[in-house]
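Asker: For reference, the file my_file08.cif (mmCIF, C-alpha atoms) is included below:
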```cif
data_upload
loop_
_atom_site.label_atom_id
_atom_site.label_comp_id
_atom_site.auth_asym_id
_atom_site.auth_seq_id
_atom_site.Cartn_x
_atom_site.Cartn_y
_atom_site.Cartn_z
CA MET A 288 -58.31 35.79 47.82
CA LYS A 289 -58.60 32.16 48.64
CA ASN A 290 -59.83 31.52 45.16
CA LEU A 291 -56.85 33.32 43.69
CA VAL A 292 -54.41 31.19 45.66
CA GLU A 293 -56.28 28.10 44.60
CA PHE A 294 -56.18 29.26 41.00
CA LEU A 295 -52.44 29.91 41.17
CA ARG A 296 -51.77 26.55 42.77
CA ARG A 297 -53.78 24.78 40.16
CA TYR A 298 -52.16 26.43 37.18
CA ILE A 299 -48.69 26.96 38.54
CA HIS A 300 -47.23 24.56 35.98
CA VAL A 301 -48.67 26.71 33.21
CA PHE A 302 -46.99 29.80 34.64
CA VAL A 303 -43.72 27.98 35.11
CA PHE A 304 -43.97 26.69 31.58
CA VAL A 305 -44.70 30.08 30.07
CA ALA A 306 -41.85 31.69 32.01
CA LEU A 307 -39.24 29.07 31.16
CA GLU A 308 -40.34 28.69 27.57
CA SER A 309 -40.14 32.46 27.15
CA ILE A 310 -36.60 32.49 28.48
CA ALA A 311 -35.58 29.66 26.15
CA LEU A 312 -37.33 31.16 23.14
CA TYR A 313 -35.83 34.54 23.85
CA ALA A 314 -32.43 32.87 23.86
CA VAL A 315 -33.20 31.18 20.54
CA VAL A 316 -34.55 34.24 18.80
CA SER A 317 -32.06 36.77 20.10
CA SER A 318 -29.01 34.65 19.50
CA THR A 319 -26.77 36.54 17.15
CA SER A 320 -23.55 34.93 16.17
CA TYR A 321 -21.69 37.05 18.71
CA LYS A 322 -23.95 36.00 21.56
CA GLN A 323 -23.72 32.44 20.39
CA TRP A 324 -20.00 32.71 20.51
CA ARG A 325 -20.03 34.19 24.02
CA TRP A 326 -22.35 31.47 25.20
CA ASN A 327 -20.21 28.89 23.54
CA ALA A 328 -17.06 30.23 25.16
CA TRP A 329 -18.71 30.31 28.56
CA GLY A 330 -19.98 26.78 28.11
CA LYS A 331 -16.57 25.57 27.06
CA GLU A 332 -15.06 27.24 30.11
CA LEU A 333 -17.48 25.36 32.32
CA CYS A 334 -17.20 21.99 30.65
CA GLY A 335 -13.57 22.33 29.61
CA PRO A 336 -12.11 19.39 31.51
CA LEU A 337 -14.83 17.05 30.32
CA LEU A 338 -14.50 18.13 26.71
CA LYS A 339 -10.73 17.81 26.91
CA ARG A 340 -11.06 14.25 28.06
CA GLN A 341 -13.51 13.57 25.26
CA ALA A 342 -11.09 15.04 22.75
CA LYS A 343 -8.39 12.76 24.10
CA ILE A 344 -10.54 9.69 23.66
CA ARG A 345 -11.53 10.81 20.20
CA SER A 346 -7.97 11.38 19.11
CA TYR A 347 -7.18 7.91 20.37
CA MET A 348 -9.89 6.48 18.18
CA HIS A 349 -8.53 8.35 15.19
CA LEU A 350 -4.97 7.14 15.74
CA ASN A 351 -5.31 4.51 13.07
CA ARG A 352 -6.22 6.98 10.36
CA ASP A 353 -3.67 9.51 11.58
CA ASN A 354 -1.03 6.81 11.44
CA GLN A 355 -1.85 6.10 7.83
CA ILE A 356 -1.53 9.77 6.97
CA LEU A 357 1.82 9.96 8.72
CA GLN A 358 3.08 6.86 6.97
CA GLU A 359 2.12 8.30 3.63
CA ALA A 360 3.86 11.56 4.51
CA ASN A 361 6.94 9.69 5.63
CA ARG A 362 6.97 7.70 2.44
CA SER A 363 7.00 10.79 0.30
CA LEU A 364 9.71 12.35 2.45
CA LEU A 365 11.75 9.20 2.13
CA HIS A 366 11.26 9.41 -1.56
CA ARG A 367 12.74 12.89 -1.57
CA ILE A 368 15.67 12.27 0.73
CA TYR A 369 16.95 8.90 -0.38
CA ASN A 370 16.63 9.38 -4.08
CA VAL A 371 19.95 10.45 -5.38
CA ASP A 372 19.95 11.39 -8.97
CA VAL A 373 21.75 9.33 -11.55
CA GLY A 374 23.00 12.47 -13.22
CA GLU A 375 24.93 15.26 -11.59
CA LYS A 376 21.94 17.04 -10.25
CA THR A 377 20.92 17.93 -6.75
CA VAL A 378 17.83 16.49 -5.13
CA LYS A 379 16.04 19.75 -5.81
CA ASP A 380 16.80 19.76 -9.48
CA TYR A 381 15.71 16.23 -9.66
CA TYR A 382 12.25 17.17 -8.49
CA LEU A 383 11.88 19.97 -10.93
CA ASP A 384 12.60 17.57 -13.74
CA SER A 385 9.56 15.40 -14.06
CA LEU A 386 11.00 13.53 -17.02
CA HIS A 387 13.53 11.91 -14.80
CA HIS A 388 12.94 8.41 -13.62
CA PRO A 389 13.13 8.08 -9.83
CA VAL A 390 15.84 5.70 -8.69
CA PHE A 391 14.04 4.33 -5.67
CA ALA A 392 10.32 3.78 -5.26
CA TYR A 393 8.76 3.15 -1.87
CA LYS A 394 5.67 1.23 -0.85
CA ILE A 395 4.03 0.98 2.55
CA ALA A 396 3.52 -2.48 4.04
CA HIS A 397 2.67 -3.87 7.45
CA VAL A 398 4.35 -6.67 9.31
CA ILE A 399 1.85 -9.38 10.15
CA GLU A 400 4.26 -11.97 11.44
CA ASN A 401 7.75 -11.59 12.79
CA THR A 402 10.28 -13.62 14.74
CA THR A 403 13.44 -12.43 16.44
CA ASN A 404 14.52 -15.36 18.57
CA LEU A 405 15.45 -17.95 15.93
CA PRO A 406 18.87 -18.37 14.28
CA ASP A 407 17.24 -17.48 10.93
CA ASN A 408 14.38 -15.04 11.26
CA TYR A 409 11.74 -14.13 8.71
CA LEU A 410 8.97 -11.55 8.53
CA ILE A 411 5.68 -11.73 6.67
CA LEU A 412 4.24 -8.57 5.10
CA ASP A 413 0.66 -7.86 4.11
CA LYS A 414 1.57 -6.92 0.54
CA GLY A 415 2.41 -9.32 -2.25
CA SER A 416 2.71 -9.66 -6.00
CA ASN A 417 -0.66 -7.94 -6.45
CA ASP A 418 1.02 -4.82 -5.10
CA SER A 419 3.92 -5.45 -7.50
CA LEU A 420 6.27 -6.78 -4.87
CA ARG A 421 8.83 -9.30 -6.05
CA PRO A 422 11.78 -11.17 -4.55
CA GLY A 423 14.91 -9.12 -4.13
CA LEU A 424 13.35 -5.86 -2.95
CA GLY A 425 14.65 -4.20 0.17
CA VAL A 426 12.61 -3.59 3.31
CA LEU A 427 13.20 -0.57 5.54
CA SER A 428 11.70 0.79 8.71
CA GLU A 429 11.83 4.43 9.69
CA HIS A 430 14.80 3.58 11.92
CA GLY A 431 16.89 1.45 9.61
CA VAL A 432 17.25 -1.56 7.35
CA VAL A 433 14.93 -4.51 8.01
CA GLY A 434 15.59 -7.16 5.37
CA ILE A 435 15.09 -8.40 1.83
CA VAL A 436 11.97 -9.85 0.21
CA LYS A 437 12.48 -13.56 -0.51
CA GLU A 438 9.14 -14.99 -1.58
CA VAL A 439 5.89 -13.42 -2.72
CA SER A 440 2.36 -14.74 -2.99
CA PRO A 441 -0.50 -12.62 -4.42
CA HIS A 442 -1.27 -10.96 -1.08
CA PHE A 443 1.71 -11.64 1.16
CA SER A 444 5.44 -11.74 1.06
CA VAL A 445 8.18 -13.38 3.10
CA VAL A 446 11.10 -11.21 4.07
CA MET A 447 14.50 -12.48 5.08
CA SER A 448 15.17 -10.46 8.19
CA LEU A 449 18.47 -8.79 8.89
CA LEU A 450 18.44 -11.23 11.82
CA HIS A 451 19.37 -14.14 9.54
CA SER A 452 22.63 -16.07 9.34
CA LYS A 453 22.77 -15.65 5.56
CA PHE A 454 22.21 -11.91 5.62
CA ASN A 455 25.14 -9.61 5.00
CA LEU A 456 25.35 -6.04 3.88
CA SER A 457 28.23 -3.75 3.11
CA VAL A 458 28.26 -0.67 5.30
CA ILE A 459 30.17 2.57 5.59
CA LEU A 460 30.79 4.63 8.68
CA LYS A 461 29.09 7.99 8.68
CA GLY A 462 31.12 10.54 6.80
CA GLY A 463 34.19 8.37 6.81
CA VAL A 464 36.05 6.06 4.57
CA VAL A 465 35.83 3.09 6.92
CA THR A 466 33.83 0.27 5.38
CA GLY A 467 32.85 -3.21 6.46
CA VAL A 468 30.33 -5.99 6.11
CA LEU A 469 27.48 -6.37 8.55
CA TYR A 470 26.41 -9.79 9.84
CA TRP A 471 24.05 -10.88 12.53
CA ASP A 472 25.79 -12.97 15.15
CA GLY A 473 22.58 -14.69 16.22
CA HIS A 474 22.58 -13.54 19.82
CA HIS A 475 20.30 -10.56 20.39
CA HIS A 476 17.86 -8.79 18.09
CA ARG A 477 19.53 -5.43 18.68
CA GLN A 478 23.13 -6.62 18.27
CA ALA A 479 25.18 -7.37 15.17
CA VAL A 480 28.83 -7.36 14.12
CA VAL A 481 30.70 -5.62 11.33
CA ARG A 482 33.65 -7.58 9.93
CA ASN A 483 36.31 -6.71 7.38
CA VAL A 484 36.95 -3.32 8.93
CA SER A 485 40.25 -2.11 7.54
CA SER A 486 41.13 0.59 10.05
CA LEU A 487 39.89 1.97 13.32
CA ASP A 488 41.24 5.48 12.81
CA ASP A 489 38.04 7.46 12.88
CA VAL A 490 35.85 4.95 14.63
CA SER A 491 34.30 5.82 17.95
CA VAL A 492 31.39 4.42 19.92
CA GLY A 493 28.06 5.89 18.83
CA ASP A 494 28.94 6.46 15.18
CA THR A 495 26.21 5.61 12.70
CA LEU A 496 26.65 3.03 9.99
CA TRP A 497 25.09 3.54 6.58
CA THR A 498 24.31 1.32 3.65
CA HIS A 499 27.03 1.36 1.04
CA HIS A 500 27.29 0.21 -2.56
CA SER A 501 23.99 -1.57 -2.39
CA LEU A 502 21.80 -2.30 -5.38
CA ILE A 503 18.84 -2.97 -3.12
CA PHE A 504 18.88 -0.27 -0.49
CA PRO A 505 19.18 3.47 -1.02
CA PRO A 506 22.66 4.76 -0.24
CA GLN A 507 23.40 6.19 3.17
CA TYR A 508 20.34 4.72 4.83
CA PRO A 509 21.06 4.22 8.55
CA ILE A 510 21.49 0.68 9.87
CA ALA A 511 23.21 0.66 13.24
CA THR A 512 25.43 2.52 15.67
CA VAL A 513 28.82 1.35 16.90
CA SER A 514 28.56 -0.02 20.41
CA GLU A 515 31.95 -1.64 20.96
CA VAL A 516 35.33 -1.27 19.26
CA SER A 517 37.72 -4.16 19.78
CA LYS A 518 41.40 -3.87 18.88
CA GLU A 519 41.70 -7.56 18.08
CA VAL A 520 42.79 -8.30 14.55
CA GLU A 521 41.21 -11.16 12.69
CA ASP A 522 42.75 -12.07 9.29
CA GLY A 523 44.11 -8.55 9.04
CA PHE A 524 40.78 -6.90 9.71
CA TYR A 525 39.09 -5.43 12.75
CA THR A 526 35.63 -6.30 14.00
CA LEU A 527 33.03 -3.90 15.41
CA LYS A 528 30.09 -4.68 17.58
CA VAL A 529 27.09 -2.58 16.61
CA ARG A 530 23.62 -1.86 17.91
CA LEU A 531 20.93 -2.16 15.26
CA LEU A 532 18.65 0.86 14.88
CA THR A 533 15.55 -1.08 13.92
CA PRO A 534 13.60 -2.38 16.91
CA PHE A 535 12.85 -5.79 15.42
CA ASP A 536 10.71 -6.84 18.37
CA ARG A 537 8.09 -4.19 17.69
CA LEU A 538 8.04 -3.66 13.96
CA SER A 539 4.73 -2.62 12.50
CA ALA A 540 4.83 -0.41 9.44
CA VAL A 541 7.69 -0.83 6.98
CA TRP A 542 8.60 0.37 3.52
CA VAL A 543 9.43 -1.85 0.64
CA VAL A 544 11.98 -0.15 -1.56
CA GLU A 545 12.52 -0.87 -5.21
CA ASN A 546 15.52 0.19 -7.22
CA ASN A 547 14.22 1.06 -10.66
CA PHE A 548 17.70 0.64 -12.16
CA TYR A 549 18.33 -2.72 -10.52
CA ASP A 550 18.14 -4.80 -13.72
CA GLU A 551 20.39 -2.45 -15.62
CA LEU A 552 23.01 -2.35 -12.88
CA LYS A 553 22.78 -6.09 -12.31
CA SER A 554 23.33 -6.96 -15.96
CA LEU A 555 26.25 -4.56 -16.11
CA LYS A 556 27.77 -6.21 -13.06
CA ASP A 557 27.16 -9.69 -14.40
CA SER A 558 28.76 -8.85 -17.73
CA ILE A 559 32.17 -8.45 -16.10
CA ALA A 560 31.87 -11.38 -13.71
CA PRO A 561 30.54 -14.39 -15.57
CA MET B 182 -34.97 19.14 50.38
CA LYS B 183 -35.79 16.02 52.34
CA ASN B 184 -37.87 14.67 49.50
CA VAL B 185 -35.17 14.95 46.85
CA ASP B 186 -34.91 11.72 44.93
CA TRP B 187 -31.15 11.35 44.59
CA LYS B 188 -31.62 8.51 42.16
CA LEU B 189 -33.28 10.94 39.76
CA VAL B 190 -30.52 13.51 40.23
CA LEU B 191 -27.92 10.87 39.46
CA GLN B 192 -29.89 9.76 36.43
CA PHE B 193 -30.06 13.37 35.27
CA LEU B 194 -26.29 13.78 35.44
CA LEU B 195 -25.64 10.43 33.80
CA ILE B 196 -27.96 11.15 30.90
CA VAL B 197 -26.43 14.60 30.35
CA VAL B 198 -22.95 13.11 30.26
CA VAL B 199 -23.93 10.33 27.86
CA GLN B 200 -25.81 12.75 25.64
CA VAL B 201 -23.14 15.41 25.31
CA LEU B 202 -20.07 13.23 25.30
CA VAL B 203 -21.21 10.25 23.29
CA LEU B 204 -24.46 10.81 21.43
CA ASN B 205 -23.79 14.36 20.29
CA SER B 206 -20.76 13.04 18.42
CA ILE B 207 -22.88 10.53 16.56
CA CYS B 208 -24.14 11.56 13.18
CA LEU B 209 -25.52 8.47 11.51
CA TRP B 210 -25.61 8.73 7.74
CA GLY B 211 -24.93 12.41 8.22
CA TYR B 212 -28.44 13.08 9.54
CA VAL B 213 -29.38 11.22 12.66
CA THR B 214 -28.28 12.32 16.11
CA PRO B 215 -30.24 10.45 18.79
CA LEU B 216 -31.50 12.66 21.61
CA LEU B 217 -31.56 10.26 24.52
CA TYR B 218 -32.00 13.02 27.08
CA LEU B 219 -35.70 13.06 26.21
CA MET B 220 -35.92 9.84 28.21
CA PHE B 221 -35.34 11.68 31.45
CA VAL B 222 -38.52 13.70 31.07
CA LEU B 223 -40.43 10.67 29.79
CA THR B 224 -39.68 8.53 32.80
CA LEU B 225 -40.25 11.03 35.60
CA PRO B 226 -42.80 9.62 38.10
CA PHE B 227 -46.51 10.11 37.48
CA GLN B 228 -46.93 11.77 40.86
CA MET B 229 -44.33 14.45 40.24
CA PRO B 230 -45.93 17.91 40.17
CA SER B 231 -46.22 19.29 36.68
CA TRP B 232 -44.26 22.47 37.36
CA LEU B 233 -41.33 20.34 38.53
CA VAL B 234 -41.46 18.24 35.37
CA VAL B 235 -41.45 21.39 33.26
CA SER B 236 -38.57 22.83 35.26
CA SER B 237 -36.48 19.68 34.99
CA GLY B 238 -37.12 19.66 31.26
CA PHE B 239 -35.85 23.22 31.05
CA LEU B 240 -32.79 22.40 33.16
CA MET B 241 -31.93 19.30 31.14
CA GLY B 242 -32.31 21.24 27.89
CA MET B 243 -30.09 24.01 29.19
CA CYS B 244 -27.37 21.54 30.12
CA VAL B 245 -27.41 20.01 26.65
CA ASP B 246 -27.46 23.50 25.10
CA LEU B 247 -24.45 24.47 27.12
CA PHE B 248 -22.39 21.66 25.66
CA SER B 249 -23.74 21.97 22.15
CA GLY B 250 -23.04 25.68 22.00
CA VAL B 251 -26.51 26.65 20.79
CA MET B 252 -28.69 28.88 22.87
CA GLY B 253 -32.05 27.68 24.04
CA VAL B 254 -32.92 25.26 21.24
CA HIS B 255 -32.95 22.11 23.34
CA ALA B 256 -34.25 23.96 26.39
CA ALA B 257 -37.24 25.38 24.53
CA SER B 258 -38.09 22.04 22.91
CA LEU B 259 -37.77 19.97 26.05
CA THR B 260 -39.71 22.46 28.17
CA PHE B 261 -42.56 22.26 25.71
CA VAL B 262 -42.45 18.48 25.62
CA ALA B 263 -42.45 18.35 29.41
CA PHE B 264 -45.48 20.63 29.44
CA ILE B 265 -47.54 18.47 27.09
CA ARG B 266 -46.49 15.24 28.83
CA PRO B 267 -49.73 14.74 30.83
CA LEU B 268 -51.73 15.40 27.70
CA VAL B 269 -49.94 12.76 25.67
CA MET B 270 -50.24 10.32 28.54
CA GLN B 271 -54.00 10.76 28.54
CA LEU B 272 -54.12 10.56 24.76
CA ILE B 273 -52.91 7.00 24.60
CA PRO B 274 -55.24 4.58 26.34
CA HIS B 275 -53.76 2.63 29.19
CA ALA B 276 -54.87 0.55 32.15
CA ALA B 277 -55.27 2.05 35.59
CA ILE B 278 -51.96 3.15 37.06
CA GLU B 279 -51.00 1.85 40.45
CA GLU B 280 -49.29 3.90 43.10
CA HIS B 281 -45.79 2.49 42.69
CA GLN B 282 -45.68 2.48 38.91
CA ARG B 283 -43.59 4.80 36.81
CA PRO B 284 -43.92 5.54 33.09
CA ILE B 285 -41.19 3.10 32.13
CA LEU B 286 -41.24 0.15 29.80
CA TYR B 287 -41.34 -2.48 32.51
CA ASP B 288 -44.27 -0.99 34.40
CA MET B 289 -46.40 -0.16 31.41
CA HIS B 290 -47.41 -2.18 28.38
CA PHE B 291 -45.04 -2.13 25.48
CA PRO B 292 -47.48 -0.58 22.94
CA TRP B 293 -48.32 2.21 25.36
CA PHE B 294 -44.73 3.05 26.14
CA ALA B 295 -43.62 2.81 22.51
CA GLY B 296 -46.47 5.03 21.34
CA TYR B 297 -45.93 7.52 24.14
CA THR B 298 -42.19 7.70 23.40
CA LEU B 299 -42.73 8.05 19.67
CA VAL B 300 -45.25 10.86 19.98
CA MET B 301 -43.06 12.76 22.41
CA ALA B 302 -39.96 12.16 20.29
CA LEU B 303 -41.74 13.39 17.16
CA VAL B 304 -42.86 16.61 18.84
CA HIS B 305 -39.48 17.12 20.43
CA GLN B 306 -37.48 16.48 17.28
CA PHE B 307 -39.72 18.70 15.22
CA LEU B 308 -39.27 21.57 17.67
CA VAL B 309 -35.50 21.06 17.84
CA PHE B 310 -35.17 21.28 14.08
CA PHE B 311 -37.66 24.11 13.86
CA PHE B 312 -35.96 26.24 16.53
CA ASP B 313 -32.60 25.45 15.04
CA ALA B 314 -33.62 26.73 11.60
CA LEU B 315 -36.29 29.18 12.79
CA SER B 316 -38.17 28.77 9.54
CA LEU B 317 -40.42 26.33 7.78
CA ALA B 318 -38.70 26.96 4.47
CA CYS B 319 -37.67 23.35 3.80
CA PHE B 320 -40.73 21.80 5.34
CA GLY B 321 -40.40 18.46 3.55
CA HIS B 322 -36.82 18.04 4.56
CA LEU B 323 -37.71 19.05 8.09
CA LEU B 324 -40.40 16.38 8.30
CA VAL B 325 -38.20 13.64 6.93
CA MET B 326 -35.43 14.54 9.35
CA THR B 327 -37.91 14.67 12.22
CA LEU B 328 -39.29 11.26 11.37
CA LEU B 329 -35.87 9.64 10.99
CA ASN B 330 -34.49 11.14 14.17
CA ALA B 331 -37.59 10.45 16.21
CA LEU B 332 -37.66 6.82 15.13
CA PHE B 333 -34.05 6.37 16.02
CA THR B 334 -34.41 8.16 19.34
CA THR B 335 -37.43 5.99 20.18
CA PHE B 336 -35.48 2.88 19.30
CA LEU B 337 -32.59 3.97 21.50
CA ILE B 338 -34.84 4.81 24.44
CA LEU B 339 -36.57 1.43 24.19
CA LEU B 340 -33.18 -0.24 24.04
CA VAL B 341 -31.93 1.62 27.11
CA GLN B 342 -35.16 0.77 28.91
CA CYS B 343 -34.70 -2.90 28.11
CA LEU B 344 -31.09 -2.93 29.19
CA PHE B 345 -30.92 -0.73 32.26
CA TYR B 346 -34.38 -0.54 33.82
CA ASN B 347 -36.13 -2.94 36.13
CA SER B 348 -39.70 -3.16 37.21
CA SER B 349 -40.54 -0.64 39.91
CA LYS B 350 -42.26 -3.29 41.96
CA ARG B 351 -39.08 -4.08 43.74
CA TYR B 352 -38.89 -0.74 45.46
#
```
Show me the file's structure as structure tokens.
Answerer:
Amino acid sequence: MKNLVEFLRRYIHVFVFVALESIALYAVVSSTSYKQWRWNAWGKELCGPLLKRQAKIRSYMHLNRDNQILQEANRSLLHRIYNVDVGEKTVKDYYLDSLHHPVFAYKIAHVIENTTNLPDNYLILDKGSNDSLRPGLGVLSEHGVVGIVKEVSPHFSVVMSLLHSKFNLSVILKGGVVTGVLYWDGHHHRQAVVRNVSSLDDVSVGDTLWTHHSLIFPPQYPIATVSEVSKEVEDGFYTLKVRLLTPFDRLSAVWVVENNFYDELKSLKDSIAP
Amino acid sequence: MKNVDWKLVLQFLLIVVVQVLVLNSICLWGYVTPLLYLMFVLTLPFQMPSWLVVSSGFLMGMCVDLFSGVMGVHAASLTFVAFIRPLVMQLIPHAAIEEHQRPILYDMHFPWFAGYTLVMALVHQFLVFFFDALSLACFGHLLVMTLLNALFTTFLILLVQCLFYNSSKRY
């Protein structure tokens, strides 16, 4: 008896090993996909909170790539929405007809330098002439108009921001006939004024302003919302104070828009006004 | 219960968390997933009874299995490795071990620890891949994978030993 106890004590690790290894091997061998699934589900139940946190961290690390995918998706959507046809076709028809030349082409770019506090502000984008950018193209954000490309180098381009004393753009009030010209008054990066407003009939605070008769920007692209309507008349016109839709202080991804018919329209325009 | 080494328990938990949350997501070149949790069994004290080493190997393997969603693969491999641990220790020649020493890089000589880790990692990796596939059909592929993974695991364990372990003499 004493010998047996001694024997057991001496080889207990062997017994423990055989027992545990058998359990583990049984689990390995007998694991059908259903059992695996049950086990998996049970494990997930137990470690759920931890795994959730891990998933959160992982999704954070993938934000960069996800962002790129979203930008690309947005670009193609933009392409569909703000591409009115030159003929009398609807947007849908336009897409069915692959022979048609798209009016506006969009490219993704990133802002690498940006100012908002100077009287004349500029942005620098990470795309240049190598990506077929050239002076005169428009720059948009997903919220609204950003500016116009002024200079290009092979890899970068300088954009005249909407926040520039020389920048002006003709605008139309959403759905209405009220038009005007947008300027930046140089005060705040979210504020601008619209001059040459002929009437205030349908104007109310909160209305959206769109691009209008522009060769550079797609028509009816949002720019700003009306924030203040003053009744004062200046040279026979009213003036509106507006809130710009683009958050210039935190611009990151933008689109550079190119009007494929720009040269044609420009030469037509120039032919009547020498 | 009075003899429970809480430091080891803490180490156990820490290694499980690092293994399942960080290392299991790594798949270098599409092949290599380092199995750091082997280190726990490697560095258990010399004086620890063998049955306890085997049991902790089983427990650690089960924990990793639970998160990986495979049944028993890691548990079976690590239990086996824990069982052959004394054998491998004897296999590689080393100087006399003093009372306070543990099988960690700082207490032992580098060649001994590296060899010991590599042998254990090779056996462990081979078993993991073998149990996972349950066949020796692609034996060549299995060997290459085992070698790659074991080398990387060894490297990682040595790195962790260098960074986070001190000589036991202080205690």
Asker: Counting all atoms listed in the file, which residues of chain B come no farther than 6 Å from chain A, as a ChimeraX atom specification?
Answerer: /B:231-232,247,250,252-254,256-257
Asker: CA of His275 (chain B) and CA of Pro230 (chain B) are how many Å apart?
Answerer: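 So the two atoms, CA of His275 (chain B) and CA of Pro230 (chain B), lie 20.4 Å apart.
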Asker: Excluding same-chain residues fewer than 6 positions from Gln271 (chain B), what lies within 12 Å of it counting all atoms listed in the file, as a ChimeraX atom specification?
Answerer: /B:227,265,277-278,293,296-297
Asker: As a ChimeraX atom specification, please: the residues near region 199-209 of chain B (cut-off 7 Å, all atoms listed in the file, same-chain neighbours under 5 positions excluded).
Answerer: /A:341 /B:214-218,245,248
Asker: For C-alpha atoms, I'd like the residues from the last selection saved as an mmCIF file, in the coordinates of the input.
Answerer:
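What landed in out_22.cif:
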```cif
data_model
loop_
_atom_site.group_PDB
_atom_site.id
_atom_site.type_symbol
_atom_site.label_atom_id
_atom_site.label_comp_id
_atom_site.auth_asym_id
_atom_site.auth_seq_id
_atom_site.Cartn_x
_atom_site.Cartn_y
_atom_site.Cartn_z
ATOM 1 C CA GLN A 341 -13.510 13.570 25.260
ATOM 2 C CA THR B 214 -28.280 12.320 16.110
ATOM 3 C CA PRO B 215 -30.240 10.450 18.790
ATOM 4 C CA LEU B 216 -31.500 12.660 21.610
ATOM 5 C CA LEU B 217 -31.560 10.260 24.520
ATOM 6 C CA TYR B 218 -32.000 13.020 27.080
ATOM 7 C CA VAL B 245 -27.410 20.010 26.650
ATOM 8 C CA PHE B 248 -22.390 21.660 25.660
#
```
Asker: I want to know what sits within 8 Å of Met301 (chain B), based on all atoms listed in the file, with residues of the same chain fewer than 4 positions away left out; could you give that as a list in words?
Answerer: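 Answer for this query is Val262, Arg266, Val269, Tyr297 and His305 of chain B.
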Asker: Between CA of Leu324 (chain B) and CA of Leu299 (chain B), measure the distance and give it in Å to one decimal.
Answerer: 14.3 Å
Asker: List every protein, DNA or RNA residue that has an atom no more than 12 Å from (40.1, 3.9, 9.3) in the file's coordinate frame, counting all atoms listed in the file, and report them as a PyMOL selection string.
Answerer: chain A and resi 459-467+483-491+524-525
Asker: Distance CA of Asn547 (chain A)-CA of Phe391 (chain A), one decimal place?
Answerer: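 Rounded to one decimal, the two atoms are 6.0 Å apart.
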Asker: Given the point (5.7, -11.2, 0.8) in the coordinates of this file, which residues lie within 9 Å, counting only C-alpha atoms, and how would they look as a ChimeraX atom specification?
Answerer: /A:410-416,420-422,436-446
Asker: Might you pull out every residue within 10 Å of Asp536 (chain A), with all atoms listed in the file counted and same-chain residues fewer than 5 positions away left off, and present them as a list in words?
Answerer: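 The neighbour list is Asn401, Thr402, Thr403, Asn404, His476 and Arg477 of chain A.
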Asker: Given the file above and the PyMOL selection byres ((chain B and resi 325-333) around 6), which residues are selected, and can you give them as a short mmCIF file (atom, residue, chain, number, x, y, z; two decimals) with C-alpha atoms, in the coordinates of the input?
Answerer:
```cif
data_model
loop_
_atom_site.label_atom_id
_atom_site.label_comp_id
_atom_site.auth_asym_id
_atom_site.auth_seq_id
_atom_site.Cartn_x
_atom_site.Cartn_y
_atom_site.Cartn_z
CA VAL B 213 -29.38 11.22 12.66
CA ALA B 302 -39.96 12.16 20.29
CA LEU B 303 -41.74 13.39 17.16
CA GLN B 306 -37.48 16.48 17.28
CA PHE B 307 -39.72 18.70 15.22
CA HIS B 322 -36.82 18.04 4.56
CA LEU B 323 -37.71 19.05 8.09
CA LEU B 324 -40.40 16.38 8.30
CA THR B 334 -34.41 8.16 19.34
CA THR B 335 -37.43 5.99 20.18
CA PHE B 336 -35.48 2.88 19.30
#
```
Asker: Using all atoms listed in the file, determine which residues lie at most 8 Å from Val234 (chain B), disregarding the query and same-chain residues fewer than 2 positions distant; provide the list as a PyMOL selection string.
Answerer: chain B and resi 222+225+229-232+236-238+263-264
Asker: Quick one: of A:Phe535, A:Trp497, A:Tyr470, A:Tyr393, who's nearest to His366 (chain A), counting all atoms listed in the file?
Answerer: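 Smallest distance to His366 (chain A) is found for A:Tyr393.
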